[in-house]
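Coordinates as given in coords16.cif (mmCIF, C-alpha atoms and all ligand atoms):
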data_protein
#
loop_
_atom_site.label_atom_id
_atom_site.label_comp_id
_atom_site.auth_asym_id
_atom_site.auth_seq_id
_atom_site.Cartn_x
_atom_site.Cartn_y
_atom_site.Cartn_z
CA MET A 15 -7.65 8.27 -33.28
CA THR A 16 -8.27 5.43 -35.71
CA ARG A 17 -10.27 2.68 -34.09
CA GLN A 18 -8.16 -0.47 -34.18
CA ASN A 19 -11.07 -2.59 -35.31
CA ASP A 20 -11.48 -0.52 -38.46
CA LEU A 21 -7.96 -1.48 -39.62
CA MET A 22 -8.30 -5.20 -38.95
CA PRO A 23 -9.40 -7.63 -41.60
CA GLY A 24 -12.12 -9.88 -40.26
CA PHE A 25 -12.18 -13.60 -39.75
CA PRO A 26 -10.89 -15.82 -41.32
CA VAL A 27 -7.89 -13.59 -42.20
CA SER A 28 -7.64 -12.38 -38.63
CA ARG A 29 -7.18 -15.18 -36.13
CA LEU A 30 -6.02 -13.95 -32.75
CA ARG A 31 -5.67 -17.51 -31.53
CA ARG A 32 -2.60 -17.86 -33.80
CA GLY A 33 -0.56 -15.99 -31.24
CA ARG A 34 -1.89 -18.04 -28.37
CA MET A 35 -1.11 -21.48 -29.77
CA HIS A 36 2.48 -21.77 -28.53
CA MET A 37 4.26 -21.05 -25.30
CA PHE A 38 6.88 -18.97 -27.17
CA SER A 39 4.33 -16.79 -28.94
CA ARG A 40 2.29 -16.23 -25.78
CA SER A 41 5.56 -15.27 -24.22
CA ILE A 42 6.67 -12.69 -26.80
CA LEU A 43 3.15 -11.24 -26.91
CA THR A 44 3.06 -10.61 -23.14
CA GLU A 45 2.26 -6.95 -22.54
CA ASN A 46 2.73 -6.73 -18.76
CA SER A 47 4.66 -8.56 -16.11
CA ILE A 48 5.19 -8.72 -12.38
CA ARG A 49 8.78 -8.47 -11.24
CA CYS A 50 10.19 -8.32 -7.74
CA HIS A 51 10.94 -4.65 -8.25
CA ASP A 52 7.20 -3.99 -8.58
CA LEU A 53 6.53 -5.18 -5.06
CA ILE A 54 6.30 -3.26 -1.80
CA TRP A 55 5.84 -5.45 1.27
CA PRO A 56 3.60 -4.17 4.09
CA VAL A 57 4.55 -5.66 7.48
CA PHE A 58 2.94 -5.50 10.91
CA VAL A 59 5.28 -4.94 13.82
CA THR A 60 4.85 -5.29 17.55
CA GLU A 61 6.87 -4.92 20.76
CA GLY A 62 8.84 -7.80 22.23
CA GLN A 63 11.49 -10.28 21.19
CA ASN A 64 11.27 -13.26 18.89
CA ILE A 65 7.56 -12.74 18.31
CA ILE A 66 5.79 -14.13 15.26
CA GLU A 67 2.08 -14.04 16.03
CA PRO A 68 -0.60 -14.95 13.49
CA ILE A 69 -3.17 -12.21 12.87
CA ASP A 70 -6.81 -13.13 13.28
CA GLY A 71 -8.64 -12.67 9.99
CA LEU A 72 -5.47 -12.27 7.91
CA SER A 73 -4.46 -15.83 7.19
CA GLY A 74 -0.76 -16.41 6.71
CA ILE A 75 0.26 -12.94 7.89
CA ASP A 76 2.09 -12.41 11.19
CA ARG A 77 2.74 -9.58 13.56
CA ILE A 78 6.48 -9.64 14.23
CA SER A 79 8.91 -8.14 16.71
CA LEU A 80 11.77 -5.97 15.49
CA ASP A 81 14.47 -8.65 15.69
CA ILE A 82 12.40 -10.81 13.33
CA LEU A 83 11.73 -7.74 11.17
CA GLY A 84 15.49 -7.34 10.67
CA GLN A 85 15.79 -10.97 9.53
CA ARG A 86 12.83 -10.68 7.19
CA ALA A 87 14.12 -7.40 5.72
CA LYS A 88 17.39 -9.11 4.87
CA ALA A 89 15.63 -12.06 3.30
CA ALA A 90 13.28 -9.80 1.34
CA HIS A 91 16.20 -7.77 0.04
CA ARG A 92 17.93 -10.95 -1.10
CA LEU A 93 14.79 -11.85 -3.06
CA GLY A 94 14.78 -8.44 -4.75
CA ILE A 95 11.97 -6.66 -2.92
CA PRO A 96 12.95 -2.98 -2.98
CA ALA A 97 10.90 -1.59 -0.09
CA ILE A 98 8.97 -2.44 3.06
CA ALA A 99 6.02 -0.46 4.46
CA ILE A 100 5.79 -0.51 8.26
CA PHE A 101 2.51 -0.79 10.21
CA PRO A 102 2.74 -0.83 14.00
CA ARG A 103 0.56 -2.38 16.66
CA ILE A 104 1.02 0.21 19.37
CA ASP A 105 0.74 -0.92 22.98
CA PRO A 106 -2.73 0.26 24.11
CA ALA A 107 -1.10 1.79 27.20
CA ARG A 108 0.75 4.22 24.90
CA LYS A 109 -2.34 5.38 23.03
CA ASP A 110 -4.15 8.61 23.84
CA ALA A 111 -6.77 10.84 22.26
CA ASP A 112 -4.16 12.99 20.47
CA GLY A 113 -1.89 10.14 19.38
CA THR A 114 1.11 11.80 21.01
CA ASN A 115 3.22 8.66 20.81
CA ALA A 116 3.42 9.32 17.05
CA LEU A 117 5.90 12.07 17.91
CA ALA A 118 8.10 10.10 20.32
CA ASN A 119 11.48 9.56 18.69
CA ASP A 120 11.71 6.07 20.17
CA ASN A 121 8.23 4.87 19.27
CA LEU A 122 7.74 1.47 17.67
CA VAL A 123 7.81 2.84 14.12
CA CYS A 124 11.08 4.74 14.68
CA ARG A 125 12.69 1.61 16.10
CA ALA A 126 11.31 -0.49 13.24
CA ILE A 127 12.87 1.89 10.70
CA ALA A 128 16.20 1.60 12.52
CA ALA A 129 15.88 -2.20 12.72
CA ILE A 130 15.41 -2.49 8.97
CA LYS A 131 18.20 -0.06 8.17
CA SER A 132 20.68 -1.74 10.48
CA ALA A 133 19.86 -5.21 9.15
CA GLU A 134 19.70 -4.13 5.51
CA PRO A 135 20.76 -0.54 4.72
CA ASP A 136 19.67 -0.83 1.07
CA MET A 137 16.07 -1.78 1.88
CA GLY A 138 13.74 1.16 1.18
CA VAL A 139 11.58 2.06 4.17
CA ILE A 140 8.10 3.51 3.76
CA VAL A 141 6.07 4.75 6.73
CA ASP A 142 2.42 5.70 7.03
CA ILE A 143 1.70 9.25 8.12
CA ALA A 144 -1.59 9.13 10.06
CA LEU A 145 -2.46 8.98 13.73
CA ASP A 146 -4.75 5.94 13.79
CA PRO A 147 -2.31 3.42 15.29
CA PHE A 148 -1.66 5.88 18.12
CA THR A 149 -5.13 7.23 18.96
CA THR A 150 -7.55 5.62 21.40
CA HIS A 151 -10.44 6.45 19.04
CA GLY A 152 -8.69 5.02 15.97
CA HIS A 153 -9.11 8.13 13.80
CA ASP A 154 -6.31 9.36 11.55
CA GLY A 155 -6.44 12.94 12.84
CA LEU A 156 -7.17 14.95 15.97
CA ILE A 157 -10.73 15.22 17.22
CA ARG A 158 -11.77 18.75 18.18
CA ASP A 159 -15.38 19.64 19.04
CA GLY A 160 -16.51 16.20 17.95
CA VAL A 161 -15.03 16.29 14.44
CA VAL A 162 -11.73 15.19 12.93
CA ASP A 163 -10.16 18.64 12.70
CA ASN A 164 -8.27 19.09 9.44
CA ASP A 165 -5.99 22.02 10.19
CA ALA A 166 -5.24 21.01 13.78
CA SER A 167 -4.21 17.57 12.48
CA LEU A 168 -1.78 18.98 9.90
CA ASP A 169 0.63 20.23 12.54
CA ILE A 170 1.00 16.85 14.24
CA LEU A 171 1.23 15.04 10.87
CA ILE A 172 4.15 17.28 9.84
CA LYS A 173 5.90 16.48 13.12
CA GLN A 174 5.23 12.77 12.68
CA ALA A 175 6.79 12.90 9.20
CA ILE A 176 9.86 14.72 10.51
CA ASN A 177 10.14 12.25 13.39
CA TYR A 178 10.23 9.33 10.96
CA ALA A 179 12.60 11.14 8.58
CA GLN A 180 14.96 11.64 11.51
CA SER A 181 14.80 7.91 12.19
CA GLY A 182 15.85 7.12 8.63
CA ALA A 183 12.61 6.67 6.68
CA ASP A 184 13.09 7.02 2.92
CA ILE A 185 9.48 7.61 1.95
CA VAL A 186 6.63 9.06 4.01
CA ALA A 187 3.16 8.03 2.92
CA PRO A 188 0.40 10.32 4.21
CA SER A 189 -2.65 8.09 4.49
CA ASP A 190 -4.87 10.38 6.56
CA MET A 191 -6.74 12.14 3.73
CA MET A 192 -6.61 15.56 5.42
CA ASP A 193 -6.77 18.45 2.94
CA GLY A 194 -3.45 20.17 2.37
CA ARG A 195 -1.28 17.65 4.17
CA VAL A 196 1.05 16.92 1.28
CA GLY A 197 2.07 20.56 0.89
CA ALA A 198 2.37 21.00 4.64
CA ILE A 199 4.51 17.87 5.05
CA ARG A 200 6.71 18.79 2.07
CA ALA A 201 7.36 22.24 3.51
CA GLY A 202 7.99 20.79 6.97
CA LEU A 203 10.43 18.19 5.68
CA ASP A 204 12.29 20.71 3.54
CA GLU A 205 12.62 23.16 6.40
CA ALA A 206 13.97 20.39 8.64
CA SER A 207 16.62 19.54 5.98
CA PHE A 208 14.84 16.43 4.72
CA SER A 209 14.35 17.57 1.14
CA HIS A 210 15.63 14.14 0.02
CA VAL A 211 12.80 12.28 1.77
CA MET A 212 10.13 11.25 -0.73
CA ILE A 213 6.37 11.61 -0.36
CA MET A 214 4.10 8.83 -1.64
CA SER A 215 0.66 10.17 -0.87
CA TYR A 216 -2.43 8.08 -0.58
CA ALA A 217 -3.99 10.52 -3.02
CA ALA A 218 -7.23 8.65 -3.57
CA LYS A 219 -8.07 6.64 -0.51
CA TYR A 220 -11.62 5.39 -0.20
CA ALA A 221 -13.67 4.78 2.94
CA SER A 222 -13.60 1.03 2.49
CA ALA A 223 -14.95 -1.97 4.37
CA LEU A 224 -11.91 -3.80 3.03
CA TYR A 225 -9.69 -2.29 5.74
CA ALA A 226 -11.35 -4.32 8.51
CA PRO A 227 -8.64 -7.00 8.88
CA PHE A 228 -5.94 -4.30 8.93
CA ARG A 229 -7.61 -2.50 11.78
CA THR A 230 -7.64 -5.72 13.77
CA ALA A 231 -3.99 -6.27 12.88
CA VAL A 232 -2.95 -2.89 14.30
CA SER A 233 -5.65 -3.04 17.01
CA ALA A 234 -7.04 0.28 15.86
CA ASN A 235 -10.43 -0.95 16.99
CA THR A 236 -12.35 -3.84 18.26
CA LEU A 237 -14.36 -5.45 15.48
CA THR A 238 -17.58 -4.08 16.90
CA ASP A 239 -16.31 -0.51 16.98
CA ILE A 240 -14.75 0.42 13.65
CA ALA A 241 -14.08 4.13 13.33
CA ASP A 242 -16.24 5.75 10.67
CA LYS A 243 -13.80 7.60 8.42
CA THR A 244 -16.32 8.84 5.86
CA SER A 245 -15.72 12.49 6.84
CA TYR A 246 -12.23 12.28 5.29
CA GLN A 247 -11.82 9.13 3.21
CA MET A 248 -13.49 9.15 -0.20
CA ASN A 249 -16.94 7.97 -1.18
CA PRO A 250 -16.61 4.71 -3.19
CA ALA A 251 -19.20 6.08 -5.63
CA ASN A 252 -16.85 8.81 -6.91
CA SER A 253 -14.16 8.88 -9.57
CA ASP A 254 -14.04 12.50 -10.81
CA GLU A 255 -13.35 13.53 -7.24
CA ALA A 256 -10.39 11.13 -7.15
CA MET A 257 -8.87 12.99 -10.12
CA ARG A 258 -9.23 16.26 -8.19
CA GLU A 259 -7.58 14.71 -5.12
CA ILE A 260 -4.69 13.47 -7.26
CA ALA A 261 -4.30 16.83 -9.03
CA LEU A 262 -4.13 18.60 -5.67
CA ASP A 263 -1.53 16.20 -4.27
CA ILE A 264 0.61 16.59 -7.39
CA LYS A 265 0.39 20.38 -7.09
CA GLU A 266 1.34 20.15 -3.43
CA GLY A 267 4.46 18.21 -4.35
CA THR A 268 3.84 14.51 -3.90
CA ASP A 269 6.47 12.40 -5.68
CA PHE A 270 4.20 9.42 -6.30
CA ILE A 271 0.61 8.50 -5.57
CA ILE A 272 -1.17 5.53 -4.05
CA ILE A 273 -4.67 4.44 -4.94
CA LYS A 274 -6.36 2.39 -2.28
CA PRO A 275 -7.99 -0.12 -2.11
CA GLY A 276 -6.72 -1.74 -5.30
CA MET A 277 -8.81 -4.25 -7.20
CA PRO A 278 -12.26 -2.63 -6.90
CA TYR A 279 -10.65 0.66 -8.01
CA LEU A 280 -8.79 -0.38 -11.16
CA ASP A 281 -10.87 2.14 -13.09
CA ILE A 282 -9.42 4.90 -10.90
CA ILE A 283 -5.88 3.66 -11.58
CA ARG A 284 -6.51 3.59 -15.31
CA GLN A 285 -8.10 7.04 -15.30
CA ALA A 286 -5.23 8.46 -13.25
CA HIS A 287 -2.67 6.84 -15.53
CA ASP A 288 -4.32 8.38 -18.59
CA GLN A 289 -4.56 11.84 -16.99
CA PHE A 290 -1.37 12.29 -14.99
CA ASN A 291 2.29 11.68 -15.59
CA ILE A 292 3.26 10.42 -12.16
CA PRO A 293 4.16 6.95 -10.82
CA ILE A 294 1.07 5.21 -9.45
CA PHE A 295 1.06 2.52 -6.78
CA ALA A 296 -1.91 0.38 -5.84
CA TYR A 297 -2.48 -0.90 -2.34
CA GLN A 298 -4.01 -4.36 -2.44
CA VAL A 299 -5.45 -4.01 1.06
CA SER A 300 -6.06 -6.49 3.84
CA GLY A 301 -9.66 -7.33 2.90
CA GLU A 302 -8.73 -7.98 -0.72
CA TYR A 303 -5.91 -10.21 0.43
CA GLN A 304 -8.29 -12.14 2.65
CA MET A 305 -10.89 -12.51 -0.11
CA ILE A 306 -8.23 -13.99 -2.37
CA GLN A 307 -6.97 -16.20 0.45
CA SER A 308 -10.40 -17.65 1.01
CA LEU A 309 -10.59 -18.83 -2.58
CA ALA A 310 -6.93 -19.83 -2.66
CA SER A 311 -7.43 -22.10 0.33
CA THR A 312 -9.76 -24.26 -1.79
CA LEU A 313 -7.32 -24.59 -4.69
CA ALA A 314 -4.32 -26.73 -5.53
CA GLN A 315 -0.94 -25.00 -5.21
CA ASP A 316 -0.42 -24.23 -8.89
CA LYS A 317 -3.89 -22.73 -9.12
CA GLN A 318 -3.29 -20.63 -6.01
CA LYS A 319 -0.24 -19.21 -7.65
CA ALA A 320 -2.13 -18.54 -10.89
CA LEU A 321 -4.88 -16.79 -8.92
CA ILE A 322 -2.53 -14.54 -7.02
CA MET A 323 -0.51 -13.63 -10.11
CA GLU A 324 -3.70 -12.89 -12.07
CA MET A 325 -4.88 -10.50 -9.36
CA LEU A 326 -1.51 -8.74 -9.26
CA ILE A 327 -1.10 -8.38 -13.02
CA SER A 328 -4.39 -6.47 -13.13
CA PHE A 329 -2.60 -3.58 -11.42
CA LYS A 330 0.17 -3.47 -13.99
CA ARG A 331 -2.35 -3.68 -16.83
CA ALA A 332 -4.30 -0.77 -15.34
CA GLY A 333 -1.15 1.36 -15.33
CA CYS A 334 0.57 0.91 -11.97
CA THR A 335 4.29 1.28 -11.47
CA GLY A 336 4.18 -0.91 -8.37
CA ILE A 337 1.94 -2.64 -5.84
CA LEU A 338 1.76 -2.81 -2.07
CA SER A 339 0.72 -6.36 -1.38
CA TYR A 340 0.73 -8.79 1.53
CA TYR A 341 1.66 -11.35 -1.11
CA ALA A 342 4.92 -9.55 -1.91
CA TYR A 343 7.22 -11.97 -0.10
CA GLN A 344 5.49 -15.10 -1.37
CA VAL A 345 5.45 -13.80 -4.93
CA ALA A 346 9.10 -12.75 -4.77
CA GLU A 347 9.95 -16.31 -3.72
CA TRP A 348 8.03 -17.70 -6.69
CA LEU A 349 9.69 -15.27 -9.08
CA ASN A 350 13.09 -16.29 -7.77
CA GLU A 351 12.30 -19.96 -8.40
CA THR A 352 11.61 -19.51 -12.10
C1 LIG A 401 -4.37 3.95 8.28
C2 LIG A 401 -4.29 2.90 7.26
C3 LIG A 401 -5.28 1.96 6.95
C4 LIG A 401 -4.72 1.09 6.02
C5 LIG A 401 -3.42 1.53 5.77
N1 LIG A 401 -3.19 2.66 6.52
C6 LIG A 401 -6.63 1.74 7.52
C7 LIG A 401 -7.58 2.84 7.60
O1 LIG A 401 -7.47 3.87 6.93
O2 LIG A 401 -8.48 2.69 8.41
C8 LIG A 401 -5.40 -0.12 5.47
C9 LIG A 401 -4.55 -1.13 4.82
C10 LIG A 401 -5.16 -2.47 4.67
O3 LIG A 401 -6.37 -2.67 4.88
O4 LIG A 401 -4.41 -3.38 4.30
N2 LIG A 401 -4.40 5.26 7.92
#

Before we go any further, please render this structure as structure tokens.
Amino acid sequence: MTRQNDLMPGFPVSRLRRGRMHMFSRSILTENSIRCHDLIWPVFVTEGQNIIEPIDGLSGIDRISLDILGQRAKAAHRLGIPAIAIFPRIDPARKDADGTNALANDNLVCRAIAAIKSAEPDMGVIVDIALDPFTTHGHDGLIRDGVVDNDASLDILIKQAINYAQSGADIVAPSDMMDGRVGAIRAGLDEASFSHVMIMSYAAKYASALYAPFRTAVSANTLTDIADKTSYQMNPANSDEAMREIALDIKEGTDFIIIKPGMPYLDIIRQAHDQFNIPIFAYQVSGEYQMIQSLASTLAQDKQKALIMEMLISFKRAGCTGILSYYAYQVAEWLNET
């Protein structure tokens, strides 16, 4: 490959500022953009009626009951957001060590799927496949003999995926990081006549401190007792291993992949984009959102907007097809204004 710099005349013939001097030229030279269709909106749902409760440590984000979810799904669809990802706060009384409520066909997630579909049939619905909202210990899989047991967990994850498919989910998103779960879930869905249901695997999901606000939001822990997921989520020091995880998920039949968290892992997104021909989604997770919020809260409105858009465009530049972001709704409103 010819190095670009070898072909370029030097200064003063080359002046890159020429293209930056006018609004129109900056505009035609724009390489990437954020559009509403890039955005997936994660929402936190809870039991009850007419509930909009602020989440501690996640400023501006609410936990909502399913009636409100229906209204918000309609509004989001009107703005052009193509899909919502559901995250439940399960009533502690329904949690147990094996997360059995994940398999109940009337659990909060199943009813949330139905609420979105009845309010707005064209809204895409994405659901997390993992046991953590349902387990008393907050782990994503089953604990056997003191460890999160990979193969024992697969069986319940398949059933969870089928349960959600039956409730009308369009995309299942395994976020548990068990080995072999994509292939197992694909086979389970196909056998249960859900070959049309898509899999968006969290192919490279890191053991990140940035998930802390999320775990409070779904009450997967108390802040003093955060489950240590390092026996299944990836080591933040590794990138070659992420490529192996992605290769395995593609071989097992995932339709798309998620890389998570987002901003500290842009190198992983770029590497994946260069190596694999598959749509990539980034999850800008709760801790990233909150970090941005803490700066945004010190800025004037136009600068807040610039900050948030700058963070989001980094994902497109790195090679993402789309982004899961708690800013999705806000950004869709802005994009509809202009
Ligand atoms: C659960 C799950 C987590 C997130 C999404 N799904 C937390 C975790 O793995 O502990 C985090 C999302 C966020 O922080 O916004 N499997």

Requested in this report: Give me the residues within 12 Å of Ala133 in chain A as number ranges by chain, counting only C-alpha atoms and dropping any in the same chain fewer than 5 places off.
Outcome: A: 80-92, 126-128, 138

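Nearest-residue note for ligand LIG 401 (chain A): choosing from A:Ile199, A:Ile306, A:Ile185, A:Ala223, the minimum distance belongs to A:Ala223, counting all atoms listed in the file.
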
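The binding environment of ligand LIG 401 (chain A), defined as every protein, DNA or RNA residue with an atom no more than 6 Å away and counting all atoms listed in the file, comprises A:Ala144, A:Asp146, A:Asp154, A:Ser189, A:Asp190, A:Leu224, A:Tyr225, A:Phe228, A:Val299, A:Ser300.
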
Query raised in the report: Which residues, written as an NGL selection string, have at least one atom at most 9 Å from Pro227 in chain A, with all atoms listed in the file counted and residues fewer than 4 positions away on the same chain left out?
Result: :A and (69-72 or 231-232 or 237 or 299-301 or 304)

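Nearest to Gly160 in chain A of all the residues A:Gln307, A:Ala111, A:Trp348, A:Arg331 is A:Ala111, counting all atoms listed in the file.
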
Per residue of range 157-236 of chain A within 6 Å of range 272-292 of chain A, record the nearest atom pair and its distance in Å to one decimal, counting only C-alpha atoms, with rows in chain order and ascending residue number, as JSON lines.
{"residue": "A:Ser215", "atom": "CA", "partner": "A:Ile272", "partner_atom": "CA", "distance": 5.9}
{"residue": "A:Tyr216", "atom": "CA", "partner": "A:Ile272", "partner_atom": "CA", "distance": 4.5}
{"residue": "A:Ala217", "atom": "CA", "partner": "A:Ile272", "partner_atom": "CA", "distance": 5.8}
{"residue": "A:Ala218", "atom": "CA", "partner": "A:Ile273", "partner_atom": "CA", "distance": 5.1}
{"residue": "A:Lys219", "atom": "CA", "partner": "A:Lys274", "partner_atom": "CA", "distance": 4.9}

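Between CA of Asp110 in chain A and CA of Phe148 in chain A the interatomic distance comes to 6.8 Å.
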
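Distance-wise, CA of Asp136 in chain A and CA of Pro96 in chain A end up 8.1 Å apart.
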
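Relative to CA of Asp105 in chain A, CA of Asn164 in chain A is found at 25.8 Å.
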
Requested in this report: Using all atoms listed in the file, find the one residue out of A:Glu259, A:Glu266, A:Asp52, A:Asp193 that sits nearest to Ile95 in chain A.
Outcome: A:Asp52

Requested in this report: Might you pull out every residue within 10 Å of Lys243 in chain A, with all atoms listed in the file counted and same-chain residues fewer than 6 positions away left off, and present them as number ranges by chain?
Outcome: A: 152-154, 162, 190-191, 220-222

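If you measure from each of A:Ile54, A:Gly74, A:Asn46, A:Ser233 to Ile104 in chain A using all atoms listed in the file, the closest one turns out to be A:Ser233.
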
**Report entry** Spatial neighbours of Ile322 in chain A, 10 Å, only C-alpha atoms, chain gap at least 6 places, as a VMD selection string
**Finding:** chain A and resid 303 306 to 307 310 341 344 to 345
